[in-house]
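Peer 1: One file is attached below, model.cif, containing mmCIF, C-alpha atoms and all ligand atoms.
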data_work
loop_
_atom_site.label_atom_id
_atom_site.label_comp_id
_atom_site.auth_asym_id
_atom_site.auth_seq_id
_atom_site.Cartn_x
_atom_site.Cartn_y
_atom_site.Cartn_z
CA MET A 8 113.06 26.77 41.32
CA TYR A 9 114.41 23.35 40.70
CA LEU A 10 114.22 19.89 42.11
CA GLN A 11 117.65 18.91 43.44
CA HIS A 12 116.89 15.49 44.83
CA LEU A 13 114.00 13.09 44.63
CA SER A 14 113.59 10.16 46.95
CA LEU A 15 110.90 7.47 46.58
CA THR A 16 110.12 4.42 48.67
CA ASN A 17 107.46 1.92 47.60
CA PHE A 18 105.90 4.41 45.23
CA ARG A 19 104.33 2.54 42.27
CA ASN A 20 107.14 0.46 40.72
CA TYR A 21 109.90 2.38 42.55
CA VAL A 22 110.81 0.30 45.58
CA ARG A 23 113.75 2.55 46.41
CA LEU A 24 114.94 5.56 44.42
CA GLU A 25 117.51 8.25 45.25
CA LEU A 26 117.91 10.61 42.31
CA ASP A 27 119.99 13.80 41.98
CA LEU A 28 118.84 16.15 39.26
CA PRO A 29 120.60 19.00 37.45
CA PRO A 30 118.95 22.44 37.15
CA HIS A 31 118.69 22.16 33.36
CA VAL A 32 117.36 19.55 30.93
CA SER A 33 117.29 15.83 31.77
CA VAL A 34 116.25 13.13 29.33
CA PHE A 35 115.01 9.77 30.68
CA GLN A 36 115.01 6.92 28.21
CA GLY A 37 113.24 3.64 28.86
CA ALA A 38 111.11 0.98 27.16
CA ASN A 39 107.39 0.75 27.88
CA ALA A 40 106.19 0.03 31.43
CA GLN A 41 109.56 0.71 33.09
CA GLY A 42 108.52 3.71 35.21
CA LYS A 43 108.85 6.83 33.03
CA SER A 44 105.37 8.14 33.73
CA ASN A 45 105.52 7.07 37.37
CA LEU A 46 108.67 9.14 37.84
CA LEU A 47 107.02 12.31 36.55
CA GLU A 48 103.77 11.49 38.37
CA SER A 49 105.68 11.28 41.65
CA ILE A 50 106.80 14.90 41.13
CA CYS A 51 103.27 15.91 40.18
CA PHE A 52 102.08 14.27 43.40
CA LEU A 53 104.64 16.11 45.53
CA ALA A 54 103.47 19.38 43.98
CA THR A 55 99.70 18.96 44.05
CA ILE A 56 99.00 15.83 46.19
CA ARG A 57 97.31 14.27 43.26
CA PHE A 58 98.12 12.11 40.32
CA SER A 59 97.53 13.74 36.94
CA ARG A 60 95.33 10.82 35.94
CA THR A 61 92.63 9.27 38.05
CA VAL A 62 94.17 6.52 40.13
CA ALA A 63 92.95 5.20 43.49
CA GLU A 64 95.40 6.32 46.16
CA ARG A 65 95.99 2.78 47.39
CA GLU A 66 97.40 1.98 43.95
CA LEU A 67 100.20 4.45 44.60
CA ILE A 68 101.75 2.07 47.12
CA ASN A 69 104.00 -0.56 45.59
CA TRP A 70 102.11 -3.84 45.16
CA GLU A 71 104.75 -5.95 46.90
CA ALA A 72 104.90 -3.56 49.84
CA ALA A 73 101.10 -3.53 50.05
CA GLY A 74 101.21 -7.11 51.30
CA GLU A 75 103.47 -6.18 54.23
CA LYS A 76 102.30 -5.72 57.79
CA LEU A 77 102.67 -1.93 57.87
CA PRO A 78 102.63 -0.88 54.23
CA PHE A 79 103.55 2.67 53.29
CA ALA A 80 104.87 4.77 50.43
CA ARG A 81 107.15 7.75 50.90
CA LEU A 82 107.91 10.60 48.50
CA SER A 83 110.38 13.31 49.30
CA ALA A 84 111.89 16.21 47.40
CA ASN A 85 114.63 18.71 48.09
CA ILE A 86 113.95 21.88 46.19
CA GLN A 87 116.09 24.92 45.59
CA LYS A 88 114.26 28.22 45.21
CA ALA A 89 115.72 31.62 44.39
CA GLU A 90 116.17 32.56 48.04
CA ARG A 91 115.85 29.35 50.00
CA LYS A 92 115.74 25.57 50.07
CA ALA A 93 112.80 23.43 51.08
CA GLN A 94 112.26 19.79 51.87
CA LEU A 95 108.90 18.20 51.18
CA GLU A 96 107.71 14.81 52.32
CA ILE A 97 104.52 12.82 51.85
CA ILE A 98 103.93 9.47 53.51
CA LEU A 99 100.95 7.37 52.44
CA ARG A 100 99.58 4.70 54.76
CA PRO A 101 96.37 2.67 54.59
CA ARG A 102 94.10 3.21 57.58
CA SER A 103 93.47 -0.51 57.90
CA ALA A 104 95.41 -3.55 56.76
CA MET A 105 95.56 -3.83 53.03
CA HIS A 106 95.47 -7.06 51.08
CA HIS A 107 97.50 -7.78 48.03
CA GLN A 108 96.33 -5.63 45.08
CA GLY A 109 94.29 -3.59 47.53
CA THR A 110 90.92 -3.88 49.13
CA LEU A 111 89.04 -0.70 49.86
CA ALA A 112 91.43 0.55 52.53
CA THR A 113 91.49 4.37 52.56
CA ILE A 114 94.84 6.08 52.56
CA GLN A 115 96.11 8.52 55.14
CA LYS A 116 98.52 11.21 53.99
CA HIS A 117 101.15 12.59 56.32
CA ILE A 118 102.73 15.75 54.98
CA ARG A 119 105.84 17.51 56.17
CA VAL A 120 107.44 20.71 54.94
CA ASN A 121 110.98 21.21 56.27
CA GLY A 122 110.34 18.46 58.80
CA VAL A 123 107.19 20.06 60.26
CA ALA A 124 103.78 18.39 59.94
CA ARG A 125 101.54 20.37 57.59
CA ARG A 126 98.18 20.21 55.87
CA ALA A 127 97.78 19.62 52.16
CA VAL A 128 96.95 23.28 51.54
CA ASP A 129 100.35 24.24 52.97
CA LEU A 130 102.22 21.90 50.66
CA ILE A 131 100.61 23.03 47.41
CA GLY A 132 102.58 25.93 45.99
CA GLN A 133 105.92 24.80 47.46
CA LEU A 134 107.04 22.82 44.43
CA ASN A 135 105.59 24.30 41.27
CA MET A 136 105.46 22.15 38.18
CA VAL A 137 103.78 21.93 34.82
CA MET A 138 103.25 18.46 33.43
CA PHE A 139 102.46 17.61 29.85
CA SER A 140 101.56 14.15 28.61
CA PRO A 141 99.81 12.83 25.49
CA ARG A 142 96.61 12.49 27.56
CA ASP A 143 96.42 16.29 27.83
CA ILE A 144 94.78 16.33 24.42
CA ASP A 145 91.60 15.79 26.51
CA LEU A 146 92.01 19.33 27.79
CA ILE A 147 90.88 20.53 24.39
CA GLY A 148 88.48 17.85 23.15
CA GLY A 149 87.31 16.29 26.44
CA GLU A 150 84.69 17.14 29.05
CA PRO A 151 84.37 20.62 30.62
CA ALA A 152 85.16 19.04 34.02
CA THR A 153 88.69 18.28 32.73
CA ARG A 154 89.20 21.97 31.91
CA ARG A 155 87.80 23.10 35.25
CA ARG A 156 90.19 20.75 37.05
CA TYR A 157 93.02 22.21 35.00
CA LEU A 158 92.01 25.76 35.95
CA ASP A 159 91.80 24.77 39.61
CA ILE A 160 95.22 23.13 39.72
CA THR A 161 96.88 25.99 37.86
CA ASN A 162 95.34 28.68 40.06
CA SER A 163 95.88 26.76 43.30
CA GLN A 164 99.59 26.41 42.62
CA VAL A 165 100.06 30.18 42.43
CA ASP A 166 97.34 31.40 44.80
CA PRO A 167 96.65 29.79 48.21
CA GLN A 168 93.50 31.88 48.57
CA TYR A 169 92.12 30.29 45.40
CA LEU A 170 92.69 26.83 46.84
CA ARG A 171 90.84 27.76 50.04
CA ALA A 172 88.01 29.39 48.08
CA SER A 173 87.57 26.32 45.91
CA GLN A 174 87.54 23.96 48.91
CA ARG A 175 84.93 26.18 50.56
CA TYR A 176 82.95 26.42 47.33
CA ASN A 177 82.75 22.64 46.95
CA LYS A 178 81.49 22.27 50.52
CA VAL A 179 78.88 24.99 50.06
CA LEU A 180 77.82 23.53 46.72
CA SER A 181 77.15 20.10 48.16
CA GLN A 182 75.20 21.60 51.11
CA ARG A 183 73.19 23.73 48.76
CA ASN A 184 72.42 20.81 46.45
CA HIS A 185 71.32 18.80 49.45
CA LEU A 186 68.99 21.62 50.49
CA LEU A 187 67.58 22.01 46.97
CA ARG A 188 66.70 18.31 46.96
CA ARG A 189 65.01 18.66 50.37
CA ILE A 190 62.99 21.65 49.14
CA ALA A 191 61.94 19.68 46.05
CA ALA A 192 60.75 16.93 48.41
CA CYS A 193 58.92 19.54 50.61
CA GLN A 194 61.19 18.71 53.57
CA SER A 195 62.69 22.23 53.79
CA ARG A 196 61.47 25.74 53.04
CA PRO A 197 62.79 27.77 50.06
CA ASN A 198 63.84 30.72 52.26
CA GLU A 199 66.54 28.52 53.80
CA LEU A 200 68.34 28.98 50.50
CA LEU A 201 69.17 32.62 51.16
CA PHE A 202 72.06 31.82 53.48
CA TRP A 203 73.57 29.27 51.06
CA ASP A 204 73.14 31.63 48.11
CA GLN A 205 75.31 34.17 49.89
CA GLU A 206 77.96 31.59 50.78
CA LEU A 207 77.99 30.27 47.21
CA VAL A 208 78.42 33.76 45.79
CA LYS A 209 81.13 34.69 48.30
CA ALA A 210 83.36 31.69 47.56
CA GLY A 211 82.41 31.50 43.88
CA ALA A 212 82.99 35.14 42.91
CA TYR A 213 86.65 34.94 43.89
CA ILE A 214 87.10 31.79 41.82
CA ILE A 215 85.41 33.36 38.79
CA LEU A 216 87.50 36.50 39.00
CA GLN A 217 90.78 34.60 39.32
CA ARG A 218 89.89 32.22 36.51
CA GLN A 219 89.18 35.19 34.30
CA ARG A 220 92.51 36.85 35.14
CA THR A 221 94.45 33.64 34.68
CA ILE A 222 92.84 32.86 31.34
CA ALA A 223 93.51 36.40 30.10
CA GLU A 224 97.19 36.08 31.09
CA LEU A 225 97.49 32.60 29.60
CA ASN A 226 95.88 33.87 26.42
CA ASP A 227 98.50 36.58 26.03
CA LEU A 228 101.29 34.03 26.50
CA ALA A 229 99.72 31.22 24.45
CA ASN A 230 99.20 33.44 21.45
CA PRO A 231 102.89 33.87 20.49
CA MET A 232 103.71 30.37 21.76
CA HIS A 233 101.17 28.77 19.48
CA ASP A 234 102.30 30.95 16.63
CA GLN A 235 105.80 29.51 17.11
CA LEU A 236 104.67 25.87 17.51
CA SER A 237 102.32 25.98 14.53
CA GLY A 238 104.92 27.67 12.35
CA GLY A 239 102.82 30.85 12.04
CA GLN A 240 99.81 28.94 10.69
CA GLU A 241 97.33 29.33 13.52
CA LYS A 242 96.07 32.16 15.70
CA LEU A 243 95.04 30.73 19.09
CA THR A 244 92.58 32.44 21.45
CA LEU A 245 91.59 31.24 24.93
CA GLN A 246 88.07 32.11 25.90
CA TYR A 247 86.61 32.02 29.39
CA ARG A 248 83.01 30.77 29.41
CA PRO A 249 81.66 31.51 32.86
CA SER A 250 78.20 30.27 33.80
CA ILE A 251 77.30 33.77 35.04
CA ASP A 252 76.88 36.47 32.41
CA LYS A 253 79.97 38.33 31.30
CA GLU A 254 78.81 41.86 32.12
CA GLY A 255 79.89 41.76 35.76
CA LEU A 256 83.25 40.35 34.74
CA GLU A 257 84.19 43.20 32.47
CA MET A 258 84.47 45.49 35.48
CA GLY A 259 87.13 43.18 36.84
CA ALA A 260 86.35 43.72 40.54
CA LEU A 261 84.88 41.44 43.19
CA PRO A 262 81.69 43.43 44.02
CA GLU A 263 80.64 43.50 40.36
CA VAL A 264 81.23 39.79 39.97
CA GLU A 265 79.21 39.12 43.13
CA GLN A 266 76.40 41.26 41.78
CA ALA A 267 76.38 39.48 38.45
CA PHE A 268 76.46 36.09 40.20
CA ASN A 269 73.51 37.10 42.43
CA ARG A 270 71.55 38.35 39.47
CA VAL A 271 71.97 35.16 37.44
CA LEU A 272 71.32 33.01 40.51
CA GLY A 273 68.06 34.88 41.12
CA ALA A 274 66.98 34.39 37.53
CA ALA A 275 67.68 30.65 37.75
CA ARG A 276 65.73 30.15 41.00
CA GLN A 277 62.71 28.36 39.51
CA ARG A 278 64.82 26.11 37.31
CA GLU A 279 67.03 25.18 40.27
CA LEU A 280 64.03 24.40 42.46
CA ALA A 281 62.49 22.31 39.70
CA ARG A 282 65.72 20.35 39.13
CA GLY A 283 66.81 20.19 42.78
CA LEU A 284 70.31 21.14 41.65
CA SER A 285 72.67 24.16 41.63
CA LEU A 286 72.86 25.28 38.00
CA ILE A 287 74.89 28.48 38.29
CA GLY A 288 78.48 28.98 39.40
CA PRO A 289 82.11 28.06 38.69
CA HIS A 290 81.23 24.34 38.75
CA ARG A 291 79.50 25.01 35.41
CA ASP A 292 82.26 27.14 33.84
CA ASP A 293 84.17 26.18 30.75
CA LEU A 294 87.22 27.25 28.79
CA GLY A 295 87.19 27.43 25.00
CA PHE A 296 90.09 27.19 22.53
CA LEU A 297 89.61 28.99 19.25
CA VAL A 298 91.92 28.82 16.26
CA ASN A 299 91.21 31.34 13.55
CA GLU A 300 87.81 31.82 15.27
CA MET A 301 86.85 28.10 15.10
CA ASP A 302 86.18 26.11 18.27
CA MET A 303 88.92 23.48 18.43
CA GLY A 304 87.08 21.37 21.02
CA THR A 305 84.57 20.56 18.29
CA TYR A 306 86.43 21.15 15.03
CA GLY A 307 90.11 20.65 15.84
CA SER A 308 91.99 17.71 14.35
CA ARG A 309 93.88 15.55 16.85
CA GLY A 310 97.12 17.12 15.68
CA GLN A 311 95.72 20.62 16.24
CA GLN A 312 94.34 19.72 19.66
CA ARG A 313 97.68 18.23 20.69
CA THR A 314 99.60 21.32 19.64
CA ILE A 315 97.13 23.61 21.44
CA ALA A 316 97.51 21.57 24.64
CA LEU A 317 101.28 21.88 24.32
CA SER A 318 101.10 25.65 23.71
CA LEU A 319 98.89 25.94 26.77
CA LYS A 320 101.28 24.03 29.03
CA LEU A 321 104.37 25.88 27.84
CA SER A 322 102.51 29.14 28.43
CA GLU A 323 101.48 27.97 31.86
CA ALA A 324 105.12 27.60 32.85
CA ARG A 325 105.73 31.23 31.90
CA PHE A 326 102.53 32.25 33.66
CA MET A 327 103.84 30.66 36.87
CA LEU A 328 107.13 32.45 36.48
CA MET A 329 105.26 35.77 36.16
CA ARG A 330 103.06 35.10 39.18
CA THR A 331 105.59 33.58 41.57
CA GLY A 332 108.95 34.88 40.31
CA GLU A 333 110.15 31.26 40.00
CA TRP A 334 110.32 28.95 37.00
CA PRO A 335 108.28 25.80 37.62
CA VAL A 336 109.72 22.39 36.85
CA LEU A 337 108.54 21.36 33.39
CA LEU A 338 107.66 17.68 33.02
CA LEU A 339 107.21 16.33 29.49
CA ASP A 340 106.02 12.74 29.42
CA ASP A 341 106.72 10.99 26.14
CA VAL A 342 105.51 13.91 24.04
CA LEU A 343 107.91 13.75 21.11
CA SER A 344 106.50 10.48 19.77
CA GLU A 345 103.22 12.21 18.96
CA LEU A 346 104.66 15.22 17.15
CA ASP A 347 105.79 15.49 13.56
CA PRO A 348 109.50 16.36 13.07
CA GLU A 349 108.76 20.02 12.42
CA ARG A 350 106.74 20.54 15.61
CA ARG A 351 109.28 18.48 17.53
CA GLN A 352 111.92 20.94 16.38
CA HIS A 353 109.75 23.93 17.39
CA LEU A 354 109.13 22.38 20.81
CA LEU A 355 112.81 21.71 21.52
CA GLU A 356 113.63 25.27 20.51
CA ALA A 357 110.86 26.64 22.73
CA ILE A 358 112.02 24.78 25.84
CA SER A 359 115.64 25.81 25.44
CA SER A 360 114.78 29.05 27.28
CA TYR A 361 113.17 27.19 30.22
CA ARG A 362 115.01 26.09 33.36
CA GLN A 363 114.60 22.61 34.74
CA VAL A 364 112.93 20.29 32.23
CA LEU A 365 112.48 16.54 32.64
CA ILE A 366 111.65 14.69 29.43
CA THR A 367 110.88 11.00 29.08
CA THR A 368 111.19 9.06 25.86
CA THR A 369 111.30 5.50 24.56
CA ASP A 370 113.75 6.48 21.92
CA LEU A 371 116.75 8.85 22.03
CA ASP A 372 116.82 9.00 18.22
CA ARG A 373 114.01 11.50 18.33
CA PHE A 374 116.35 14.17 19.72
CA PRO A 375 118.92 16.12 17.71
CA SER A 376 122.43 15.32 18.90
CA GLU A 377 123.19 18.97 19.86
CA PHE A 378 120.19 18.84 22.16
CA LEU A 379 121.31 15.59 23.78
CA ALA A 380 124.84 16.91 24.20
CA ARG A 381 123.55 19.65 26.49
CA ALA A 382 121.16 17.41 28.45
CA GLU A 383 121.78 15.02 31.33
CA LYS A 384 120.87 11.49 30.24
CA PHE A 385 119.38 8.71 32.35
CA ARG A 386 118.13 5.20 31.64
CA ILE A 387 115.01 3.82 33.32
CA ALA A 388 114.52 0.06 33.62
CA ASP A 389 112.17 -1.79 35.97
CA GLY A 390 111.85 0.99 38.54
CA ARG A 391 115.57 1.79 38.61
CA ILE A 392 117.31 4.85 37.18
CA GLU A 393 120.96 4.95 36.12
CA PRO A 394 122.97 7.73 34.48
CA ALA A 395 123.38 6.89 30.78
N1 LIG B 401 101.36 0.19 42.81
C1 LIG B 401 102.22 -0.34 41.93
N2 LIG B 401 103.17 -1.21 42.36
C2 LIG B 401 104.05 -1.75 41.48
N3 LIG B 401 104.05 -1.49 40.16
C3 LIG B 401 103.13 -0.63 39.70
C4 LIG B 401 102.17 -0.01 40.55
N4 LIG B 401 101.40 0.78 39.80
C5 LIG B 401 101.85 0.69 38.53
N5 LIG B 401 102.88 -0.17 38.45
C6 LIG B 401 103.64 -0.58 37.26
O1 LIG B 401 104.60 0.37 36.95
C7 LIG B 401 105.04 0.08 35.64
C8 LIG B 401 105.56 1.35 34.99
O2 LIG B 401 104.51 2.22 34.67
P1 LIG B 401 104.74 3.59 33.87
O3 LIG B 401 105.56 4.53 34.69
O4 LIG B 401 103.40 4.06 33.46
O5 LIG B 401 105.59 3.07 32.62
P2 LIG B 401 106.15 3.88 31.36
O6 LIG B 401 107.64 3.74 31.44
O7 LIG B 401 105.60 3.17 30.17
O8 LIG B 401 105.69 5.30 31.46
C9 LIG B 401 103.88 -0.59 34.93
O9 LIG B 401 104.29 -1.87 34.53
C10 LIG B 401 102.82 -0.68 36.00
O10 LIG B 401 102.12 -1.89 35.93
MG MG B 402 104.30 6.31 30.24
#
The structure given in the file should be rewritten as structure tokens.
Peer 2:
Amino acid sequence: MYLQHLSLTNFRNYVRLELDLPPHVSVFQGANAQGKSNLLESICFLATIRFSRTVAERELINWEAAGEKLPFARLSANIQKAERKAQLEIILRPRSAMHHQGTLATIQKHIRVNGVARRAVDLIGQLNMVMFSPRDIDLIGGEPATRRRYLDITNSQVDPQYLRASQRYNKVLSQRNHLLRRIAACQSRPNELLFWDQELVKAGAYIILQRQRTIAELNDLANPMHDQLSGGQEKLTLQYRPSIDKEGLEMGALPEVEQAFNRVLGAARQRELARGLSLIGPHRDDLGFLVNEMDMGTYGSRGQQRTIALSLKLSEARFMLMRTGEWPVLLLDDVLSELDPERRQHLLEAISSYRQVLITTTDLDRFPSEFLARAEKFRIADGRIEPA
């Protein structure tokens, strides 16, 4: 698929943007703080209804517009898929009047797909994208929660049932934690847990199984990708670390995973009651990255972690193609500046077989001239984009 047209109103520093995009590579050049990341983030938001970094939703609305009587931000995309076109639209409005630079007004999201009002779950999966920015180094060296969020976004984009299961799981988890605290305080009886155990296992087993499948597929793709990016120096392995034991997972079917989940949950009963907290389930999973058998979260250099994150994202684009039959849009935010010339070269070679790629940079000199000759070039300055 590719993004044909992007339209933004009052989104971050874009007061008004109408941008046509080609189906191949586009390079956006601009100095710092001109709107390069915001451009790619707007596409990320249209795909997943979230920003890739943590930003309060009211900060998505342009500051000047936020002072108006009826402030709003609008994002819209026309996408071309193999068989059809689609038009996506998100309008953000504060529920109550918002003061300059934002008070605590919560934001309402109005979503339309082809002009028809939809829920968030119906939008996700329409526009598939993979975004890579220098911050993604945290995927390797950061907290497990960062990796779980990554697994959730990746799976949700290709599998609506995963998205529903994870929404259900989070609800069940918070109910169950609430109950565990009440039991610890002798306000509820332990047998009330049985119902929530079953609900936790039902929603959780599907998530575990899909995470396992996805990681196995990503591993197969990341292996040759990382070989290419590291110039044959490093053998990368992705390793799923579920909080349930791995026995049930080897069978690869839902009933076995449910059984394994139940078994581990039963064994953790006393610990959970003592802590007043759910200790078993996908919310405690992790994903490990091994290079030549060493854990790169702990032992990787920054350069190694960065290259692994890049291998992972490039593999994810191929994974999406395999799952959905469509290439996702690949968004590369200012990634060349952090790579040495050799890896830069490997990266540019690797993406030449991808479809639509949007790359931002402060400096065009980082690209070989043959590469630039084939790409569409744009200049970004102060929230405006012009062909260059
Ligand atoms: N809600 C907003 N309204 C107006 N400007 C914003 C808003 N949020 C962020 N900005 C500004 O947008 C500018 C561009 O940010 P960014 O896209 O991250 O720049 P870069 O080109 O360095 O990637 C920054 O100066 C930032 O302060
Ligand atoms: Mg930036």
Peer 1: How many Å separate CA of Gln240 (chain A) from CA of Ser140 (chain A)?
Peer 2: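 CA of Ser140 (chain A) lies at a distance of 23.3 Å from CA of Gln240 (chain A).
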Peer 1: In file coordinates, which residues lie within 12 Å of (119.0, 11.9, 23.2) using all atoms listed in the file, given as a count of residues only?
Peer 2: 30
Peer 1: Pick out the closest residue to Arg23 (chain A) from this set: A:Arg171, A:His185, A:Arg126, A:Arg391. Count all atoms listed in the file.
Peer 2: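 For Arg23 (chain A), the nearest of the candidates is A:Arg391.
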Peer 1: Which residues come within 10 Å of Val128 (chain A), counting all atoms listed in the file, excluding same-chain residues fewer than 6 positions away, as a PyMOL selection string?
Peer 2: chain A and resi 55-56+163-164+167-168+170-171+174
Peer 1: Collect all residues with atoms no farther than 8 Å from ligand MG 402 (chain B), counting all atoms listed in the file, and output them as JSON, numbers by chain.
Peer 2: {"A": [39, 40, 42, 43, 44, 45, 340, 341]}
Peer 1: Could you state the separation of CA of Arg351 (chain A) and atom P2 of ligand LIG 401 (chain B) in Å, given to one decimal place?
Peer 2: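 Distance between the two atoms: 20.4 Å.
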Peer 1: Counting all atoms listed in the file, which residues have an atom no more than 9 Å from (103.2, 24.5, 35.7) in the file's coordinates? Please list them as a list in words.
Peer 2: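 Protein, DNA and RNA residues close to (103.2, 24.5, 35.7): Asn135, Met136, Val137, Met138, Thr161, Gln164, Lys320, Leu321, Ser322, Glu323, Ala324, Arg325, Phe326, Met327, Leu328, Trp334, Pro335, Val336, Leu337 and Leu338 of chain A.
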